[in-house]
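Q: Have a look at this one.
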Amino acid sequence: MAEDAVLSETEGLTVRREDAVGMVTLKADLSVAPVAAAIEAATGAPIPARLRASVGEGDAGPATVVWMAPDEVLIVSAPEAAGGVVEMLETRLAGNHVLALDMSSARAVFWLEGPRWREVIAKGAPVDLRPAAFGAGTARRTHLGQVAVGFWADPADANRVTLVCFRSVADYVAAWLIEAARPEGAVGLFAEA
């Protein structure tokens with residue numbers, strides 16, 4: 001598949017897949033000051049609050065930090081920066097009980113852009129996606145259809161969502177998103193009243 005492929009483009013929604021994205025998983029006690037300092041130094045972004053994403057630009061360049069669990073964040077960066085992020089975290093956190101792994105080749109990334117993204121994802125994810133409940137910077141780790149995914153609304157633009165899944169199920173997710181995005185399948189769940 002192309003590095004950045006448009007899978008579907010309809011009125012109100014573009015679905016793209018990107019295979020070249022840096023992704024680092026950090027498992028650690030997120031309440032420990034050195035962990036917060038290391039993340040912020042590497043990414044320029046603070047540790048996000050529960051179920052949130054934050055953005056910044058640190059030593060490794062622009063990055064998004066996404067809360068995935070009470071002891072886990074996902075750091076999304078340029079693909080060439082991921083190895084450096086791992087190295088920075090390991091160096092800054094030497095002596096702390098942490099695990100930093102470059103997961104770039106293990107996951108696929110999809111972007112949905114436009115006001116219809118909520119309706120598409122709502123067809124397969126058990127998440128309250130009303131704008132009041134899932135605004136810019138909100139994140140969830142859940143299921144889409146039959147597979148595990150994580151997704152977050154862009155912290156600067158609530159009409160853009162990033163979705164990640166394991167690469168082994170990326171073709172399933174791509175097909176699922178294309179089918180769910182078909183204009184004739186629109187149900188108007190989030191239409192303006």
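Ordered as shown in the structure tokens, chains take letters A, B, and onward, while each chain numbers its residues from 1 and ligands are numbered from 1 in the order shown.
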Give me, as a Markdown table, the closest atom pair and its distance (Å, one decimal) for every residue of stretch 11-52 of chain A within a cut-off of 7 Å of stretch 92-98 of chain A, counting only C-alpha atoms, rows sorted by chain and rising number.

A:
```
| residue | atom | partner | partner_atom | distance |
| --- | --- | --- | --- | --- |
| A:Lys27 | CA | A:Val98 | CA | 5.7 |
| A:Ala28 | CA | A:Val98 | CA | 4.7 |
| A:Pro34 | CA | A:Leu93 | CA | 6.8 |
| A:Val35 | CA | A:Leu93 | CA | 6.8 |
| A:Ala38 | CA | A:Arg92 | CA | 5.9 |
```

Q: Kindly assemble as JSON lines a list of the stretch 137-191 of chain A residues that lie within 9 Å of stretch 60-74 of chain A, each paired with its nearest atom pair and their distance in Å to one decimal, using only C-alpha atoms, sorted first by chain and then by ascending residue number.

A:
```
{"residue": "A:Gly137", "atom": "CA", "partner": "A:Val66", "partner_atom": "CA", "distance": 8.9}
{"residue": "A:Ala139", "atom": "CA", "partner": "A:Val66", "partner_atom": "CA", "distance": 7.0}
{"residue": "A:Arg140", "atom": "CA", "partner": "A:Met68", "partner_atom": "CA", "distance": 7.3}
{"residue": "A:Arg141", "atom": "CA", "partner": "A:Met68", "partner_atom": "CA", "distance": 6.3}
{"residue": "A:Gly150", "atom": "CA", "partner": "A:Met68", "partner_atom": "CA", "distance": 7.8}
{"residue": "A:Phe151", "atom": "CA", "partner": "A:Val66", "partner_atom": "CA", "distance": 9.0}
{"residue": "A:Trp152", "atom": "CA", "partner": "A:Val66", "partner_atom": "CA", "distance": 7.8}
{"residue": "A:Pro155", "atom": "CA", "partner": "A:Thr64", "partner_atom": "CA", "distance": 9.0}
```

Q: Can you write just those residues out, C-alpha atoms, as a PDB file, in the first residue's frame?

A:
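Wrote it out as again-v4.pdb, contents follow:
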```
ATOM      1  CA  GLY A 137      -7.986  16.070  22.339  1.00  0.00           C
ATOM      2  CA  ALA A 139      -8.878   9.722  23.303  1.00  0.00           C
ATOM      3  CA  ARG A 140     -10.183   6.183  23.686  1.00  0.00           C
ATOM      4  CA  ARG A 141      -8.740   2.691  23.547  1.00  0.00           C
ATOM      5  CA  GLY A 150      -7.133   3.457  19.816  1.00  0.00           C
ATOM      6  CA  PHE A 151      -8.313   6.799  18.476  1.00  0.00           C
ATOM      7  CA  TRP A 152      -8.205  10.456  19.427  1.00  0.00           C
ATOM      8  CA  PRO A 155      -6.211  18.399  19.964  1.00  0.00           C
TER       9      PRO A 155
END
```

Q: Just the number, please: distance in Å from atom CA of A:Thr138 to atom CA of A:Glu80, one decimal.

A: 26.2 Å

Q: Pick out the closest residue to A:Val86 from this set: A:Asp102, A:Glu179, A:Glu9, A:Asp19. Count only C-alpha atoms.

A: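 Ranked by minimum distance to A:Val86, first place goes to A:Asp102.
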
Q: Quote the spacing between atom CA of A:Gly185 and atom CA of A:Leu51 in Å to one decimal place.

A: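 One can read the atom CA of A:Gly185 to atom CA of A:Leu51 distance as 29.1 Å.
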
Q: Run DSSP on the backbone and grab whatever in stretch 89-176 of chain A lands in strand (DSSP E); send it over as a PDB file with N, CA and C atoms, in the first residue's frame.

A:
```
ATOM      1  N   LEU A  99       9.398   0.845  30.470  1.00  0.00           N
ATOM      2  CA  LEU A  99       9.596   0.103  29.236  1.00  0.00           C
ATOM      3  C   LEU A  99       9.232   1.036  28.094  1.00  0.00           C
ATOM      4  N   ALA A 100      10.175   1.310  27.209  1.00  0.00           N
ATOM      5  CA  ALA A 100       9.939   2.144  26.032  1.00  0.00           C
ATOM      6  C   ALA A 100      10.240   1.306  24.804  1.00  0.00           C
ATOM      7  N   LEU A 101       9.264   1.169  23.912  1.00  0.00           N
ATOM      8  CA  LEU A 101       9.416   0.331  22.721  1.00  0.00           C
ATOM      9  C   LEU A 101       8.969   1.078  21.476  1.00  0.00           C
ATOM     10  N   ASP A 102       9.744   0.951  20.416  1.00  0.00           N
ATOM     11  CA  ASP A 102       9.354   1.493  19.118  1.00  0.00           C
ATOM     12  C   ASP A 102       8.358   0.505  18.499  1.00  0.00           C
ATOM     13  N   ARG A 107       2.113  -1.245  14.100  1.00  0.00           N
ATOM     14  CA  ARG A 107       0.793  -0.609  14.044  1.00  0.00           C
ATOM     15  C   ARG A 107       0.591   0.144  12.746  1.00  0.00           C
ATOM     16  N   ALA A 108      -0.663   0.328  12.388  1.00  0.00           N
ATOM     17  CA  ALA A 108      -1.049   1.128  11.229  1.00  0.00           C
ATOM     18  C   ALA A 108      -1.846   2.325  11.724  1.00  0.00           C
ATOM     19  N   VAL A 109      -1.825   3.385  10.947  1.00  0.00           N
ATOM     20  CA  VAL A 109      -2.499   4.629  11.327  1.00  0.00           C
ATOM     21  C   VAL A 109      -3.485   5.031  10.232  1.00  0.00           C
ATOM     22  N   PHE A 110      -4.666   5.440  10.665  1.00  0.00           N
ATOM     23  CA  PHE A 110      -5.686   5.964   9.765  1.00  0.00           C
ATOM     24  C   PHE A 110      -6.080   7.348  10.251  1.00  0.00           C
ATOM     25  N   TRP A 111      -6.336   8.229   9.310  1.00  0.00           N
ATOM     26  CA  TRP A 111      -6.871   9.544   9.639  1.00  0.00           C
ATOM     27  C   TRP A 111      -8.227   9.685   8.982  1.00  0.00           C
ATOM     28  N   LEU A 112      -9.198  10.144   9.755  1.00  0.00           N
ATOM     29  CA  LEU A 112     -10.507  10.476   9.226  1.00  0.00           C
ATOM     30  C   LEU A 112     -10.671  11.969   9.420  1.00  0.00           C
ATOM     31  N   GLU A 113     -10.952  12.668   8.327  1.00  0.00           N
ATOM     32  CA  GLU A 113     -11.070  14.119   8.377  1.00  0.00           C
ATOM     33  C   GLU A 113     -12.417  14.546   7.818  1.00  0.00           C
ATOM     34  N   ALA A 139      -9.431  10.988  23.803  1.00  0.00           N
ATOM     35  CA  ALA A 139      -8.878   9.722  23.303  1.00  0.00           C
ATOM     36  C   ALA A 139      -9.601   8.534  23.924  1.00  0.00           C
ATOM     37  N   ARG A 140      -9.636   7.442  23.177  1.00  0.00           N
ATOM     38  CA  ARG A 140     -10.183   6.183  23.686  1.00  0.00           C
ATOM     39  C   ARG A 140      -9.361   5.019  23.150  1.00  0.00           C
ATOM     40  N   ARG A 141      -9.315   3.980  23.951  1.00  0.00           N
ATOM     41  CA  ARG A 141      -8.740   2.691  23.547  1.00  0.00           C
ATOM     42  C   ARG A 141      -9.897   1.715  23.678  1.00  0.00           C
ATOM     43  N   THR A 142     -10.331   1.132  22.560  1.00  0.00           N
ATOM     44  CA  THR A 142     -11.555   0.361  22.552  1.00  0.00           C
ATOM     45  C   THR A 142     -11.532  -0.641  21.394  1.00  0.00           C
ATOM     46  N   HIS A 143     -12.694  -0.954  20.863  1.00  0.00           N
ATOM     47  CA  HIS A 143     -12.816  -1.832  19.701  1.00  0.00           C
ATOM     48  C   HIS A 143     -13.538  -1.105  18.585  1.00  0.00           C
ATOM     49  N   LEU A 144     -13.205  -1.473  17.373  1.00  0.00           N
ATOM     50  CA  LEU A 144     -13.923  -1.023  16.184  1.00  0.00           C
ATOM     51  C   LEU A 144     -14.272  -2.294  15.434  1.00  0.00           C
ATOM     52  N   VAL A 147     -12.014  -5.628  16.211  1.00  0.00           N
ATOM     53  CA  VAL A 147     -10.589  -5.492  16.533  1.00  0.00           C
ATOM     54  C   VAL A 147     -10.321  -4.347  17.503  1.00  0.00           C
ATOM     55  N   ALA A 148      -9.204  -4.474  18.213  1.00  0.00           N
ATOM     56  CA  ALA A 148      -8.786  -3.431  19.151  1.00  0.00           C
ATOM     57  C   ALA A 148      -8.193  -2.252  18.394  1.00  0.00           C
ATOM     58  N   VAL A 149      -8.584  -1.055  18.814  1.00  0.00           N
ATOM     59  CA  VAL A 149      -8.062   0.180  18.231  1.00  0.00           C
ATOM     60  C   VAL A 149      -7.889   1.221  19.329  1.00  0.00           C
ATOM     61  N   GLY A 150      -7.171   2.254  19.004  1.00  0.00           N
ATOM     62  CA  GLY A 150      -7.133   3.457  19.816  1.00  0.00           C
ATOM     63  C   GLY A 150      -7.405   4.609  18.870  1.00  0.00           C
ATOM     64  N   PHE A 151      -8.105   5.633  19.333  1.00  0.00           N
ATOM     65  CA  PHE A 151      -8.313   6.799  18.476  1.00  0.00           C
ATOM     66  C   PHE A 151      -8.460   8.047  19.328  1.00  0.00           C
ATOM     67  N   TRP A 152      -8.116   9.183  18.723  1.00  0.00           N
ATOM     68  CA  TRP A 152      -8.205  10.456  19.427  1.00  0.00           C
ATOM     69  C   TRP A 152      -8.528  11.566  18.440  1.00  0.00           C
ATOM     70  N   ALA A 153      -9.346  12.503  18.907  1.00  0.00           N
ATOM     71  CA  ALA A 153      -9.653  13.690  18.117  1.00  0.00           C
ATOM     72  C   ALA A 153      -8.457  14.620  18.201  1.00  0.00           C
ATOM     73  N   ASP A 154      -8.056  15.152  17.071  1.00  0.00           N
ATOM     74  CA  ASP A 154      -6.909  16.050  17.024  1.00  0.00           C
ATOM     75  C   ASP A 154      -7.086  17.152  18.081  1.00  0.00           C
ATOM     76  N   ASP A 157      -8.119  20.248  16.286  1.00  0.00           N
ATOM     77  CA  ASP A 157      -9.197  20.191  15.298  1.00  0.00           C
ATOM     78  C   ASP A 157     -10.098  18.992  15.568  1.00  0.00           C
ATOM     79  N   ALA A 158     -11.258  19.233  16.136  1.00  0.00           N
ATOM     80  CA  ALA A 158     -12.186  18.143  16.486  1.00  0.00           C
ATOM     81  C   ALA A 158     -12.779  17.465  15.262  1.00  0.00           C
ATOM     82  N   ASN A 159     -12.534  17.987  14.050  1.00  0.00           N
ATOM     83  CA  ASN A 159     -13.025  17.346  12.829  1.00  0.00           C
ATOM     84  C   ASN A 159     -11.984  16.428  12.201  1.00  0.00           C
ATOM     85  N   ARG A 160     -10.949  16.121  12.954  1.00  0.00           N
ATOM     86  CA  ARG A 160      -9.929  15.173  12.478  1.00  0.00           C
ATOM     87  C   ARG A 160      -9.646  14.192  13.597  1.00  0.00           C
ATOM     88  N   VAL A 161      -9.702  12.907  13.272  1.00  0.00           N
ATOM     89  CA  VAL A 161      -9.430  11.872  14.261  1.00  0.00           C
ATOM     90  C   VAL A 161      -8.338  10.951  13.720  1.00  0.00           C
ATOM     91  N   THR A 162      -7.473  10.513  14.613  1.00  0.00           N
ATOM     92  CA  THR A 162      -6.427   9.552  14.280  1.00  0.00           C
ATOM     93  C   THR A 162      -6.815   8.226  14.912  1.00  0.00           C
ATOM     94  N   LEU A 163      -6.699   7.156  14.150  1.00  0.00           N
ATOM     95  CA  LEU A 163      -7.053   5.825  14.631  1.00  0.00           C
ATOM     96  C   LEU A 163      -5.846   4.914  14.402  1.00  0.00           C
ATOM     97  N   VAL A 164      -5.451   4.162  15.425  1.00  0.00           N
ATOM     98  CA  VAL A 164      -4.348   3.204  15.295  1.00  0.00           C
ATOM     99  C   VAL A 164      -4.862   1.806  15.603  1.00  0.00           C
ATOM    100  N   CYS A 165      -4.252   0.837  14.915  1.00  0.00           N
ATOM    101  CA  CYS A 165      -4.576  -0.572  15.157  1.00  0.00           C
ATOM    102  C   CYS A 165      -3.317  -1.386  14.889  1.00  0.00           C
ATOM    103  N   PHE A 166      -3.347  -2.636  15.259  1.00  0.00           N
ATOM    104  CA  PHE A 166      -2.227  -3.503  14.929  1.00  0.00           C
ATOM    105  C   PHE A 166      -2.173  -3.684  13.409  1.00  0.00           C
TER     106      PHE A 166
END
```

Q: Taking only C-alpha atoms into account, name the residue in A:Val21, A:Leu129, A:Ala37, A:Leu177 that is nearest to A:Ala106.

A: A:Val21
